[in-house]
Amino acid sequence: MPERIGSVQGGGSGATVGANYGTVAGTILAGNATGLADVVLDPSLIPLELGLTVADEPVGGFTGRGWLVEKIDVRIGQVAARPVGGYVLVEAEAGLGKSALATYLAFSPTRRWPAHFSRQSTSPEAARANLAAQITYAYPLTDTPDGSAGLPGNYTDPAWFAQRLMTIQAQRRARGEVSPLVILIDGLDEAPPPSAGEVAFGLPRTLPPGVVVVATTRPGHPLPAGARVERIDVTGQANLDDLREHVTFRARSDRALAARLAASNVTPEAFTRGLVAAAAGVWIYALLVMDQVRDGDLPADSLGALPAGLAGYYSENLRRIRERDPDRWDGVVRPVLGTLAAVTEPMTSTTLADWSMNLPLGPVQDVLDSPLRPFLAHTRGDHEAADPTGRYRLRHQSLRDFLTGRETGHEDHTVVQLSARCAQATQQAHRRILACLIPALDEAGVRRWEDAGSYARAHLTDHAAAAGELDRLALDPGYLLWSPLPPLLRTRNTVTDPQARQAIAARELMGDPSALAPDEQLRWLHVWAVKCRSTTLAAACAARFHPDAPRVHGAIWRGAAHTQLHGHSGWINAVGTWARSDGAALLVTAGYDRAVRLWDPDTLRPAGELLGHTGPVNAVGTWVRSDGVALLVTAGRDRPVRLWDPDTLRPAGELHGYTGPVNAVGTWTRSDGVALLVTAGHDQVVRLWDPHTLRPAGELHGHTSPVNAVGTWTRPDGATLLVTAARDRAVRLWDPDPDTLRPAGELHGHTSPVNAVGTWTRPDGATLLVTAGHDQVVRLWDPHTLRPAGELHGHADWILAVGTWTRPDGAALLVTAGHDRAVRLWDPHTLRPAGELHGHTDLVFAVGTWTRPDGTTLLVTAGHDQVVRLWDPDTLRPAGELYGHTSPVNAVGTSARSDGTTLLITAGHDACILTWKPANGSA
């Protein structure tokens, strides 16, 4: 579980420089590793931006924080010693010096950690590429550490990055290297919001042993449940002491600042006391004020009149600029500020002028060099550059927060109003930038997206989403084929047009088109647009075809993306879910290859593998022990029932006693409240197990053939009966009284083996037991008398599955399916057929339901014909067909993700588990 330690406070965001990157970056850029040189981001200018460089020392101006650095080093050692790697978070509010601290750590000669700063790029793909290049150079996989191998084509894939970390760390361990592999991230909270359950920047949730990620972040941006985290909470007197030390250092060592203080008859000691009190521990506040005093923009003896808080400080300064020259504010300052807030890379003054309503360069340059100078990071260009004035960016993320309207909760309404007006300017800037980046139409009415440039390729999608224009662009085939896919997927939640959502789904399902010729790319996008029912995109693609080129007019698809979970090498017999003690819900699959595999429902990546079975696994389930821990239970042909611990993923016990394969596991709460584990199988015995001792708690004898199914049935008096069914054609009920564990009844009537049991609540509230099997009859049983309550005839062959499906009018239909290929529905009022669903061309093995994001609950059926079919509850007509399996489908289920969406899970003989997303186009 996450752990908070100490009461420590962050350091100055405006004065810190870090590790010696000159050697690493220089070697990469100078060598023949062009692949690495293309993606590595040189951090050498960051110390200058933060004001940390003194003479030739990049971080010579960094002071204090020794206690915090020591604490970080201790935590790194602790995490590295664990069986699994983890994250060390330096957590602090805006402006407390997280970037300064990170820069110091990065440039420390004794560390030299691979590092990424959000101020370099907030793109997850660029961040992972930057880190991958540095890690590849620092820890080469070959004997030639020149990095000549470069990076593979899929280096932006989060899965590749995770695999590279595992491979490099395994080789380090094999070479006897015991030091931790530490990665540094500054500004984890500034990355685009990740998908639910994922880590910012697409970093791995689980890190290899000995790998530690040190990251700075604001509070309120936790890593997902399950990530191993150490948090350093930065609050306390130590921060004030460090800030006081730094202000004193600047007041005495900065000659321009010292001269201003002397001219105002303010001593360094008095200035330090006043500024530390006004800044209230916020470093960027103190740094900005010192720069304004040094430059003569603020009297040194006016510190007592400074506003409280960063938002108040920004508001007061912008208000003064506006009142000083209202026309200049409206015509130049406000558009330039909006543009600076909208862009994500440092920009030249020429570009800022062009993107700020195409303003003349002179007034824009004056604004950048005068009233806005203290709030900007400025990197000067060389004299021979096309724009020697250099590049500009906002100095601190807190100003971008103000300019994008995030100060809605401020107590001063004038601050809120000014922030909102600035946010309008930022929104307008996104639209202007988008208009500048989108290529014009050529003579054929087509945009040449390949001419848009590197900035557009990296950021145009984000600008379009912020401007509300992604719906329109997503229907342009050229844009979809030109734009990188990750930004599209990251921002598609802003798309409202169903046709545009389907278009993005088509592009997602198309995969990587880079190996195809342009005509082939367009043709396949057309095919997937038809499959996903994006008629607008399909028509736009077809309009660009040669008149004689074939068109696709129909396809069997409903636009629901699936993801294959590869790993099993044999039939999959069972799927389930398992909630770990940290709250993370894992998908569990098992089958003929003897392995029990765990999957993360958010990332759809492997989360673990449980080995121990020596034969096929038939059943999975969970069992909550008396201490509240939910153990995973697995059983199969090798006879022992195995228990697994959710924290360590190691065996938690074995239950022995069976003389044949185990077919079913379940739980049964006795009348005394004890939750027993129930297992059954080929030896005809139903066994009960005590959660306290993990020892037998009873055996239920009566069946004369293998037991196929176990379940529970609540009687009207509240007692929960255990229900078992077997090949001996009998359904047996068992009393929950702990002193008896005796039969509570037998339901006779079936003339062949019973394959399925379930319950069905009638309109009067009575819950009937439902049984079905080889004799083609669905039998209903009364909970009061345990006598037959009805028979449902209609199937012409074995019945394999029963379930229920609630219609929009609230009626709960009974659903049955089997060898005769038909899915039959039964009315709870009349016990007569309510419909038949035809479409399967072979046996139907499984039925279930799946609730879409719009609240509609679809019926799901699957079987031997390899197709998962969806059915609409209003019309009882097909609502979709999901293709992906290459063998019979045995099981369907659902898994709820942490973002509230529900994945459909299907598994079968092809050894694949497919997960289907309901929210990327249609269900």
# chains A, B, ... in the order shown; residues from 1 in each chain; ligands from 1
>>> residues_around(residues="A:Arg373", least_positions_apart="6", cutoff="10 Å", atoms="only C-alpha atoms", output="JSON, numbers by chain")
{"A": [291, 292, 295, 366, 367, 392, 394, 395]}
>>> write_last_selection(atoms="all heavy atoms", output="JSON list (two decimals), in the first residue's frame")
[["chain", "number", "residue", "atom", "x", "y", "z"],
["A", 291, "ASP", "N", 13.35, 38.34, -9.12],
["A", 291, "ASP", "CA", 13.66, 38.77, -10.47],
["A", 291, "ASP", "C", 13.06, 40.14, -10.76],
["A", 291, "ASP", "O", 13.68, 40.99, -11.42],
["A", 291, "ASP", "CB", 13.15, 37.74, -11.48],
["A", 291, "ASP", "CG", 13.98, 36.46, -11.47],
["A", 291, "ASP", "OD1", 15.05, 36.47, -10.84],
["A", 291, "ASP", "OD2", 13.54, 35.48, -12.08],
["A", 292, "GLN", "N", 11.83, 40.38, -10.28],
["A", 292, "GLN", "CA", 11.20, 41.68, -10.51],
["A", 292, "GLN", "C", 11.95, 42.79, -9.77],
["A", 292, "GLN", "O", 12.13, 43.90, -10.30],
["A", 292, "GLN", "CB", 9.73, 41.65, -10.06],
["A", 292, "GLN", "CG", 8.82, 40.91, -11.03],
["A", 292, "GLN", "CD", 7.37, 41.09, -10.66],
["A", 292, "GLN", "OE1", 6.93, 40.74, -9.57],
["A", 292, "GLN", "NE2", 6.58, 41.63, -11.59],
["A", 295, "ASP", "N", 15.24, 43.49, -11.63],
["A", 295, "ASP", "CA", 15.06, 44.18, -12.90],
["A", 295, "ASP", "C", 14.42, 45.55, -12.74],
["A", 295, "ASP", "O", 14.20, 46.25, -13.74],
["A", 295, "ASP", "CB", 14.18, 43.34, -13.84],
["A", 295, "ASP", "CG", 14.85, 42.03, -14.21],
["A", 295, "ASP", "OD1", 16.09, 41.93, -14.07],
["A", 295, "ASP", "OD2", 14.13, 41.10, -14.63],
["A", 366, "ASP", "N", 8.47, 43.37, -27.93],
["A", 366, "ASP", "CA", 8.50, 44.30, -26.80],
["A", 366, "ASP", "C", 7.78, 43.72, -25.58],
["A", 366, "ASP", "O", 8.26, 43.85, -24.45],
["A", 366, "ASP", "CB", 7.84, 45.63, -27.20],
["A", 366, "ASP", "CG", 8.67, 46.40, -28.21],
["A", 366, "ASP", "OD1", 9.87, 46.09, -28.34],
["A", 366, "ASP", "OD2", 8.11, 47.30, -28.87],
["A", 367, "VAL", "N", 6.64, 43.06, -25.81],
["A", 367, "VAL", "CA", 5.88, 42.46, -24.71],
["A", 367, "VAL", "C", 6.66, 41.32, -24.07],
["A", 367, "VAL", "O", 6.71, 41.16, -22.84],
["A", 367, "VAL", "CB", 4.51, 41.97, -25.22],
["A", 367, "VAL", "CG1", 3.87, 41.03, -24.22],
["A", 367, "VAL", "CG2", 3.60, 43.16, -25.47],
["A", 392, "TYR", "N", 10.79, 31.17, -26.39],
["A", 392, "TYR", "CA", 10.12, 31.56, -25.16],
["A", 392, "TYR", "C", 9.10, 30.49, -24.77],
["A", 392, "TYR", "O", 8.47, 29.87, -25.62],
["A", 392, "TYR", "CB", 9.39, 32.90, -25.35],
["A", 392, "TYR", "CG", 10.29, 34.06, -25.69],
["A", 392, "TYR", "CD1", 10.69, 34.29, -27.01],
["A", 392, "TYR", "CD2", 10.71, 34.93, -24.71],
["A", 392, "TYR", "CE1", 11.51, 35.35, -27.34],
["A", 392, "TYR", "CE2", 11.54, 36.02, -25.02],
["A", 392, "TYR", "CZ", 11.93, 36.21, -26.34],
["A", 392, "TYR", "OH", 12.73, 37.28, -26.65],
["A", 394, "LEU", "N", 6.34, 29.62, -21.04],
["A", 394, "LEU", "CA", 5.97, 30.00, -19.69],
["A", 394, "LEU", "C", 6.97, 29.42, -18.71],
["A", 394, "LEU", "O", 7.39, 28.27, -18.84],
["A", 394, "LEU", "CB", 4.56, 29.51, -19.35],
["A", 394, "LEU", "CG", 3.41, 30.09, -20.18],
["A", 394, "LEU", "CD1", 2.08, 29.52, -19.70],
["A", 394, "LEU", "CD2", 3.40, 31.61, -20.11],
["A", 395, "ARG", "N", 7.32, 30.22, -17.73],
["A", 395, "ARG", "CA", 8.36, 29.81, -16.79],
["A", 395, "ARG", "C", 7.89, 28.69, -15.87],
["A", 395, "ARG", "O", 8.68, 27.82, -15.49],
["A", 395, "ARG", "CB", 8.78, 31.02, -15.96],
["A", 395, "ARG", "CG", 9.87, 30.73, -14.94],
["A", 395, "ARG", "CD", 10.37, 32.00, -14.32],
["A", 395, "ARG", "NE", 11.36, 31.78, -13.30],
["A", 395, "ARG", "CZ", 11.97, 32.75, -12.62],
["A", 395, "ARG", "NH1", 11.67, 34.03, -12.88],
["A", 395, "ARG", "NH2", 12.87, 32.48, -11.69]]
>>> residues_around(residues="A:Asp401", least_positions_apart="3", cutoff="12 Å", atoms="only C-alpha atoms", output="list of chain:residue names")
A:Ala94, A:Gly95, A:Glu190, A:Leu310, A:Ala311, A:Tyr314, A:Gly338, A:Leu340, A:Ala341, A:Ala342, A:Leu394, A:Arg395, A:His396, A:Gln397, A:Ser398, A:Thr404, A:Gly405, A:Arg406, A:Glu407, A:Thr408, A:Val416, A:Ser419, A:Ala420, A:Cys422, A:Ala423, A:Thr426
>>> atom_distance(atom1="atom CA of A:Asp451", atom2="atom CA of A:Thr351")
17.2 Å
>>> residues_around(residues="A:Gly312", least_positions_apart="2", cutoff="12 Å", atoms="only C-alpha atoms", output="list of chain:residue names")
A:Ala278, A:Ala279, A:Tyr285, A:Ala305, A:Leu306, A:Pro307, A:Ala308, A:Gly309, A:Leu310, A:Tyr314, A:Ser315, A:Glu316, A:Asn317, A:Leu318, A:Arg319, A:Ser398, A:Leu399, A:Phe402, A:Glu407, A:His410, A:Glu411, A:Asp412, A:His413, A:Thr414, A:Val415, A:Val416, A:Gln417, A:Leu418, A:Ser419
>>> write_last_selection(atoms="N, CA, C and O atoms", output="JSON list (two decimals), in the first residue's frame")
[["chain", "number", "residue", "atom", "x", "y", "z"],
["A", 278, "ALA", "N", 6.17, 36.75, 2.79],
["A", 278, "ALA", "CA", 5.20, 36.97, 1.71],
["A", 278, "ALA", "C", 5.00, 35.72, 0.86],
["A", 278, "ALA", "O", 3.88, 35.42, 0.43],
["A", 279, "ALA", "N", 6.07, 34.99, 0.61],
["A", 279, "ALA", "CA", 5.98, 33.80, -0.25],
["A", 279, "ALA", "C", 5.32, 32.63, 0.45],
["A", 279, "ALA", "O", 4.80, 31.72, -0.21],
["A", 285, "TYR", "N", 7.13, 31.79, -6.17],
["A", 285, "TYR", "CA", 6.70, 33.13, -5.77],
["A", 285, "TYR", "C", 7.93, 33.97, -5.40],
["A", 285, "TYR", "O", 8.12, 35.09, -5.89],
["A", 305, "ALA", "N", 3.20, 44.74, 0.70],
["A", 305, "ALA", "CA", 1.96, 44.93, -0.05],
["A", 305, "ALA", "C", 1.70, 43.81, -1.05],
["A", 305, "ALA", "O", 0.74, 43.88, -1.82],
["A", 306, "LEU", "N", 2.55, 42.77, -1.07],
["A", 306, "LEU", "CA", 2.37, 41.70, -2.04],
["A", 306, "LEU", "C", 1.10, 40.90, -1.73],
["A", 306, "LEU", "O", 0.76, 40.66, -0.57],
["A", 307, "PRO", "N", 0.37, 40.46, -2.76],
["A", 307, "PRO", "CA", -0.85, 39.66, -2.54],
["A", 307, "PRO", "C", -0.52, 38.26, -2.05],
["A", 307, "PRO", "O", 0.62, 37.77, -2.22],
["A", 308, "ALA", "N", -1.50, 37.61, -1.49],
["A", 308, "ALA", "CA", -1.31, 36.26, -0.95],
["A", 308, "ALA", "C", -1.49, 35.23, -2.06],
["A", 308, "ALA", "O", -2.43, 35.34, -2.86],
["A", 309, "GLY", "N", -0.62, 34.26, -2.11],
["A", 309, "GLY", "CA", -0.78, 33.14, -3.03],
["A", 309, "GLY", "C", -0.34, 33.43, -4.45],
["A", 309, "GLY", "O", -0.31, 34.56, -4.90],
["A", 310, "LEU", "N", 0.00, 32.35, -5.17],
["A", 310, "LEU", "CA", 0.46, 32.50, -6.55],
["A", 310, "LEU", "C", -0.61, 33.07, -7.45],
["A", 310, "LEU", "O", -0.33, 33.95, -8.27],
["A", 314, "TYR", "N", -0.18, 36.41, -9.68],
["A", 314, "TYR", "CA", -0.34, 36.52, -11.13],
["A", 314, "TYR", "C", -1.44, 37.52, -11.47],
["A", 314, "TYR", "O", -1.29, 38.34, -12.39],
["A", 315, "SER", "N", -2.54, 37.45, -10.77],
["A", 315, "SER", "CA", -3.66, 38.34, -11.05],
["A", 315, "SER", "C", -3.28, 39.80, -10.86],
["A", 315, "SER", "O", -3.60, 40.66, -11.69],
["A", 316, "GLU", "N", -2.55, 40.10, -9.78],
["A", 316, "GLU", "CA", -2.15, 41.48, -9.50],
["A", 316, "GLU", "C", -1.20, 42.00, -10.57],
["A", 316, "GLU", "O", -1.34, 43.14, -11.05],
["A", 317, "ASN", "N", -0.26, 41.18, -11.01],
["A", 317, "ASN", "CA", 0.69, 41.63, -12.03],
["A", 317, "ASN", "C", 0.01, 41.83, -13.38],
["A", 317, "ASN", "O", 0.28, 42.82, -14.07],
["A", 318, "LEU", "N", -0.87, 40.91, -13.75],
["A", 318, "LEU", "CA", -1.56, 41.06, -15.02],
["A", 318, "LEU", "C", -2.53, 42.25, -14.98],
["A", 318, "LEU", "O", -2.72, 42.95, -15.99],
["A", 319, "ARG", "N", -3.14, 42.49, -13.83],
["A", 319, "ARG", "CA", -4.03, 43.65, -13.69],
["A", 319, "ARG", "C", -3.24, 44.94, -13.89],
["A", 319, "ARG", "O", -3.72, 45.87, -14.58],
["A", 398, "SER", "N", 2.32, 26.72, -12.98],
["A", 398, "SER", "CA", 1.28, 27.40, -12.22],
["A", 398, "SER", "C", 0.68, 28.58, -13.01],
["A", 398, "SER", "O", -0.51, 28.89, -12.86],
["A", 399, "LEU", "N", 1.48, 29.24, -13.85],
["A", 399, "LEU", "CA", 0.93, 30.32, -14.68],
["A", 399, "LEU", "C", 0.02, 29.75, -15.76],
["A", 399, "LEU", "O", -1.02, 30.34, -16.07],
["A", 402, "PHE", "N", -3.28, 29.23, -14.30],
["A", 402, "PHE", "CA", -4.04, 30.47, -14.19],
["A", 402, "PHE", "C", -4.62, 30.86, -15.56],
["A", 402, "PHE", "O", -5.79, 31.27, -15.65],
["A", 407, "GLU", "N", -8.49, 28.50, -11.72],
["A", 407, "GLU", "CA", -8.57, 29.15, -10.40],
["A", 407, "GLU", "C", -10.04, 29.39, -10.01],
["A", 407, "GLU", "O", -10.38, 30.42, -9.44],
["A", 410, "HIS", "N", -10.86, 30.12, -6.14],
["A", 410, "HIS", "CA", -10.16, 31.15, -5.38],
["A", 410, "HIS", "C", -11.18, 32.03, -4.64],
["A", 410, "HIS", "O", -12.27, 32.32, -5.12],
["A", 411, "GLU", "N", -10.79, 32.47, -3.43],
["A", 411, "GLU", "CA", -11.71, 33.25, -2.60],
["A", 411, "GLU", "C", -11.95, 34.66, -3.14],
["A", 411, "GLU", "O", -12.97, 35.29, -2.82],
["A", 412, "ASP", "N", -11.04, 35.20, -3.94],
["A", 412, "ASP", "CA", -11.18, 36.53, -4.50],
["A", 412, "ASP", "C", -11.83, 36.42, -5.88],
["A", 412, "ASP", "O", -11.23, 35.87, -6.82],
["A", 413, "HIS", "N", -13.05, 36.95, -6.05],
["A", 413, "HIS", "CA", -13.75, 36.78, -7.31],
["A", 413, "HIS", "C", -13.06, 37.52, -8.45],
["A", 413, "HIS", "O", -13.21, 37.14, -9.62],
["A", 414, "THR", "N", -12.31, 38.57, -8.16],
["A", 414, "THR", "CA", -11.60, 39.27, -9.23],
["A", 414, "THR", "C", -10.50, 38.39, -9.82],
["A", 414, "THR", "O", -10.21, 38.47, -11.02],
["A", 415, "VAL", "N", -9.88, 37.56, -8.98],
["A", 415, "VAL", "CA", -8.88, 36.61, -9.47],
["A", 415, "VAL", "C", -9.55, 35.58, -10.37],
["A", 415, "VAL", "O", -9.06, 35.25, -11.46],
["A", 416, "VAL", "N", -10.72, 35.07, -9.96],
["A", 416, "VAL", "CA", -11.45, 34.08, -10.74],
["A", 416, "VAL", "C", -11.85, 34.67, -12.09],
["A", 416, "VAL", "O", -11.73, 34.02, -13.14],
["A", 417, "GLN", "N", -12.34, 35.92, -12.10],
["A", 417, "GLN", "CA", -12.78, 36.54, -13.33],
["A", 417, "GLN", "C", -11.63, 36.74, -14.32],
["A", 417, "GLN", "O", -11.77, 36.46, -15.52],
["A", 418, "LEU", "N", -10.49, 37.21, -13.83],
["A", 418, "LEU", "CA", -9.36, 37.43, -14.72],
["A", 418, "LEU", "C", -8.85, 36.09, -15.27],
["A", 418, "LEU", "O", -8.49, 35.99, -16.45],
["A", 419, "SER", "N", -8.81, 35.06, -14.42],
["A", 419, "SER", "CA", -8.39, 33.74, -14.88],
["A", 419, "SER", "C", -9.34, 33.23, -15.96],
["A", 419, "SER", "O", -8.89, 32.65, -16.96]]
>>> residues_around(residues="A:Leu649", least_positions_apart="5", cutoff="10 Å", atoms="only C-alpha atoms", output="list in words")
Arg580, Leu598, Ala607, Gly608, Glu609, Leu610, Leu611, Leu631, Leu632, Leu643 and Trp644 of chain A
>>> closest_residue(among="A:Asp157, A:Glu49, A:Glu654, A:Glu177", to="A:Pro124", atoms="only C-alpha atoms")
A:Asp157
>>> residues_around(residues="A:Gly615", least_positions_apart="2", cutoff="8 Å", atoms="only C-alpha atoms", output="MDAnalysis selection string")
chainID A and resid 592:594 613 617 636:638
>>> write_last_selection(atoms="C-alpha atoms", output="PDB file, in the first residue's frame")
ATOM      1  CA  TYR A 592      -5.386 -26.891 -20.653  1.00  0.00           C
ATOM      2  CA  ASP A 593      -1.881 -25.415 -20.482  1.00  0.00           C
ATOM      3  CA  ARG A 594      -1.972 -25.793 -16.645  1.00  0.00           C
ATOM      4  CA  HIS A 613      -0.997 -27.327 -11.511  1.00  0.00           C
ATOM      5  CA  VAL A 617      -7.359 -26.316 -14.856  1.00  0.00           C
ATOM      6  CA  GLY A 636      -8.574 -29.177 -12.193  1.00  0.00           C
ATOM      7  CA  ARG A 637      -7.560 -32.610 -13.323  1.00  0.00           C
ATOM      8  CA  ASP A 638      -4.526 -32.852 -11.060  1.00  0.00           C
TER       9      ASP A 638
END
>>> closest_residue(among="A:Ser108, A:Thr461, A:Thr901, A:Gln134", to="A:Val495", atoms="only C-alpha atoms")
A:Thr461
>>> closest_residue(among="A:Leu361, A:Leu914, A:Val754, A:Cys541", to="A:Pro518", atoms="only C-alpha atoms")
A:Cys541
>>> residues_around(residues="A:Val889", least_positions_apart="2", cutoff="9 Å", atoms="only C-alpha atoms", output="ChimeraX atom specification")
/A:844-846,862-868,885-887,891-892,906-910
>>> write_last_selection(atoms="N, CA and C atoms", output="CSV table (one decimal), in the first residue's frame")
chain,number,residue,atom,x,y,z
A,844,VAL,N,-24.3,-23.7,-29.2
A,844,VAL,CA,-24.1,-22.5,-28.4
A,844,VAL,C,-23.7,-22.9,-27.0
A,845,PHE,N,-22.6,-22.5,-26.5
A,845,PHE,CA,-22.0,-22.9,-25.2
A,845,PHE,C,-22.3,-22.0,-24.1
A,846,ALA,N,-22.4,-20.7,-24.4
A,846,ALA,CA,-22.4,-19.7,-23.3
A,846,ALA,C,-23.4,-18.6,-23.6
A,862,ALA,N,-22.4,-17.2,-27.4
A,862,ALA,CA,-21.2,-17.6,-28.1
A,862,ALA,C,-21.2,-19.1,-28.1
A,863,GLY,N,-20.4,-19.7,-29.1
A,863,GLY,CA,-20.3,-21.1,-29.2
A,863,GLY,C,-19.4,-21.6,-30.2
A,864,HIS,N,-19.8,-22.8,-30.8
A,864,HIS,CA,-18.9,-23.5,-31.7
A,864,HIS,C,-18.6,-22.8,-33.0
A,865,ASP,N,-19.5,-21.9,-33.4
A,865,ASP,CA,-19.2,-21.2,-34.7
A,865,ASP,C,-18.2,-20.1,-34.6
A,866,GLN,N,-17.6,-19.9,-33.4
A,866,GLN,CA,-16.5,-18.9,-33.2
A,866,GLN,C,-16.9,-17.5,-33.2
A,867,VAL,N,-18.2,-17.2,-33.3
A,867,VAL,CA,-18.7,-15.9,-33.3
A,867,VAL,C,-19.4,-15.5,-32.0
A,868,VAL,N,-19.1,-14.3,-31.5
A,868,VAL,CA,-19.8,-13.8,-30.3
A,868,VAL,C,-20.9,-12.9,-30.8
A,885,HIS,N,-12.2,-14.8,-32.6
A,885,HIS,CA,-11.8,-16.2,-32.2
A,885,HIS,C,-11.7,-17.1,-33.5
A,886,THR,N,-10.8,-18.0,-33.4
A,886,THR,CA,-10.5,-18.9,-34.5
A,886,THR,C,-10.9,-20.3,-34.2
A,887,SER,N,-11.5,-20.5,-33.0
A,887,SER,CA,-12.0,-21.8,-32.5
A,887,SER,C,-13.3,-21.6,-31.7
A,891,ALA,N,-16.7,-19.5,-23.2
A,891,ALA,CA,-17.1,-18.7,-22.0
A,891,ALA,C,-17.2,-17.2,-22.4
A,892,VAL,N,-18.2,-16.6,-21.8
A,892,VAL,CA,-18.3,-15.1,-21.8
A,892,VAL,C,-18.5,-14.6,-20.4
A,906,THR,N,-14.3,-12.8,-23.6
A,906,THR,CA,-14.6,-14.1,-24.2
A,906,THR,C,-13.4,-15.0,-24.3
A,907,ALA,N,-13.6,-16.3,-24.2
A,907,ALA,CA,-12.5,-17.2,-24.3
A,907,ALA,C,-12.9,-18.5,-24.9
A,908,GLY,N,-11.9,-19.3,-25.4
A,908,GLY,CA,-12.3,-20.5,-26.1
A,908,GLY,C,-11.2,-21.4,-26.4
A,909,HIS,N,-11.4,-22.3,-27.4
A,909,HIS,CA,-10.5,-23.4,-27.7
A,909,HIS,C,-9.2,-22.8,-28.4
A,910,ASP,N,-9.3,-21.6,-28.9
A,910,ASP,CA,-8.1,-21.1,-29.6
A,910,ASP,C,-7.0,-20.5,-28.7
>>> closest_residue(among="A:Ser349, A:Ser99, A:Ser370, A:Ser534", to="A:Asp297", atoms="only C-alpha atoms")
A:Ser370
>>> residues_around(residues="A:Ala80", least_positions_apart="4", cutoff="9 Å", atoms="only C-alpha atoms", output="number ranges by chain")
A: 75-76, 84-86, 179-181, 209-212
>>> select_by_dssp(residues="stretch 87-232 of chain A", states="strand (DSSP E)", output="NGL selection string")
:A and (87-91 or 115-117 or 181-186 or 211-217 or 229-232)
>>> write_last_selection(atoms="N, CA and C atoms", output="short mmCIF file (atom, residue, chain, number, x, y, z; two decimals), in the first residue's frame")
data_model
loop_
_atom_site.label_atom_id
_atom_site.label_comp_id
_atom_site.auth_asym_id
_atom_site.auth_seq_id
_atom_site.Cartn_x
_atom_site.Cartn_y
_atom_site.Cartn_z
N TYR A 87 7.85 2.92 -7.27
CA TYR A 87 7.92 4.36 -7.48
C TYR A 87 8.19 5.07 -6.17
N VAL A 88 9.05 6.08 -6.21
CA VAL A 88 9.27 7.00 -5.10
C VAL A 88 8.76 8.36 -5.58
N LEU A 89 7.71 8.85 -4.94
CA LEU A 89 7.12 10.11 -5.36
C LEU A 89 7.55 11.24 -4.45
N VAL A 90 8.05 12.31 -5.04
CA VAL A 90 8.30 13.56 -4.33
C VAL A 90 7.08 14.43 -4.59
N GLU A 91 6.26 14.58 -3.58
CA GLU A 91 4.94 15.19 -3.75
C GLU A 91 4.92 16.57 -3.10
N ALA A 115 16.62 10.59 -17.36
CA ALA A 115 15.61 11.51 -16.83
C ALA A 115 14.78 12.11 -17.94
N HIS A 116 13.55 12.43 -17.59
CA HIS A 116 12.67 13.17 -18.50
C HIS A 116 11.98 14.27 -17.71
N PHE A 117 11.97 15.48 -18.28
CA PHE A 117 11.32 16.63 -17.67
C PHE A 117 10.09 16.99 -18.49
N LEU A 181 18.53 0.47 -10.81
CA LEU A 181 18.38 1.21 -12.06
C LEU A 181 17.32 2.28 -11.77
N VAL A 182 17.75 3.51 -11.66
CA VAL A 182 16.86 4.60 -11.26
C VAL A 182 16.52 5.47 -12.47
N ILE A 183 15.26 5.78 -12.62
CA ILE A 183 14.76 6.66 -13.68
C ILE A 183 14.11 7.86 -13.01
N LEU A 184 14.38 9.04 -13.53
CA LEU A 184 13.86 10.28 -12.94
C LEU A 184 12.81 10.91 -13.86
N ILE A 185 11.67 11.28 -13.30
CA ILE A 185 10.61 11.96 -14.04
C ILE A 185 10.24 13.22 -13.27
N ASP A 186 10.29 14.35 -13.93
CA ASP A 186 9.84 15.60 -13.31
C ASP A 186 8.49 16.00 -13.91
N VAL A 211 14.40 -1.87 -10.15
CA VAL A 211 14.13 -0.67 -10.95
C VAL A 211 13.26 0.27 -10.11
N VAL A 212 13.71 1.52 -9.99
CA VAL A 212 13.01 2.51 -9.18
C VAL A 212 12.79 3.76 -10.03
N VAL A 213 11.56 4.24 -10.07
CA VAL A 213 11.24 5.50 -10.73
C VAL A 213 11.05 6.56 -9.65
N VAL A 214 11.89 7.58 -9.68
CA VAL A 214 11.74 8.74 -8.79
C VAL A 214 11.01 9.81 -9.59
N ALA A 215 9.86 10.26 -9.10
CA ALA A 215 9.05 11.20 -9.86
C ALA A 215 8.56 12.32 -8.96
N THR A 216 8.50 13.52 -9.51
CA THR A 216 7.90 14.64 -8.80
C THR A 216 6.47 14.81 -9.30
N THR A 217 5.59 15.21 -8.40
CA THR A 217 4.18 15.37 -8.76
C THR A 217 3.48 16.23 -7.74
N VAL A 229 4.30 2.30 -4.33
CA VAL A 229 4.61 3.73 -4.24
C VAL A 229 5.15 4.07 -2.86
N GLU A 230 6.16 4.91 -2.83
CA GLU A 230 6.59 5.59 -1.62
C GLU A 230 6.35 7.08 -1.84
N ARG A 231 5.62 7.71 -0.97
CA ARG A 231 5.37 9.13 -1.13
C ARG A 231 6.17 9.92 -0.10
N ILE A 232 6.80 10.96 -0.55
CA ILE A 232 7.44 11.91 0.35
C ILE A 232 6.57 13.15 0.34
#
>>> atom_distance(atom1="atom CA of A:Ser483", atom2="atom CA of A:Ala452")
10.4 Å
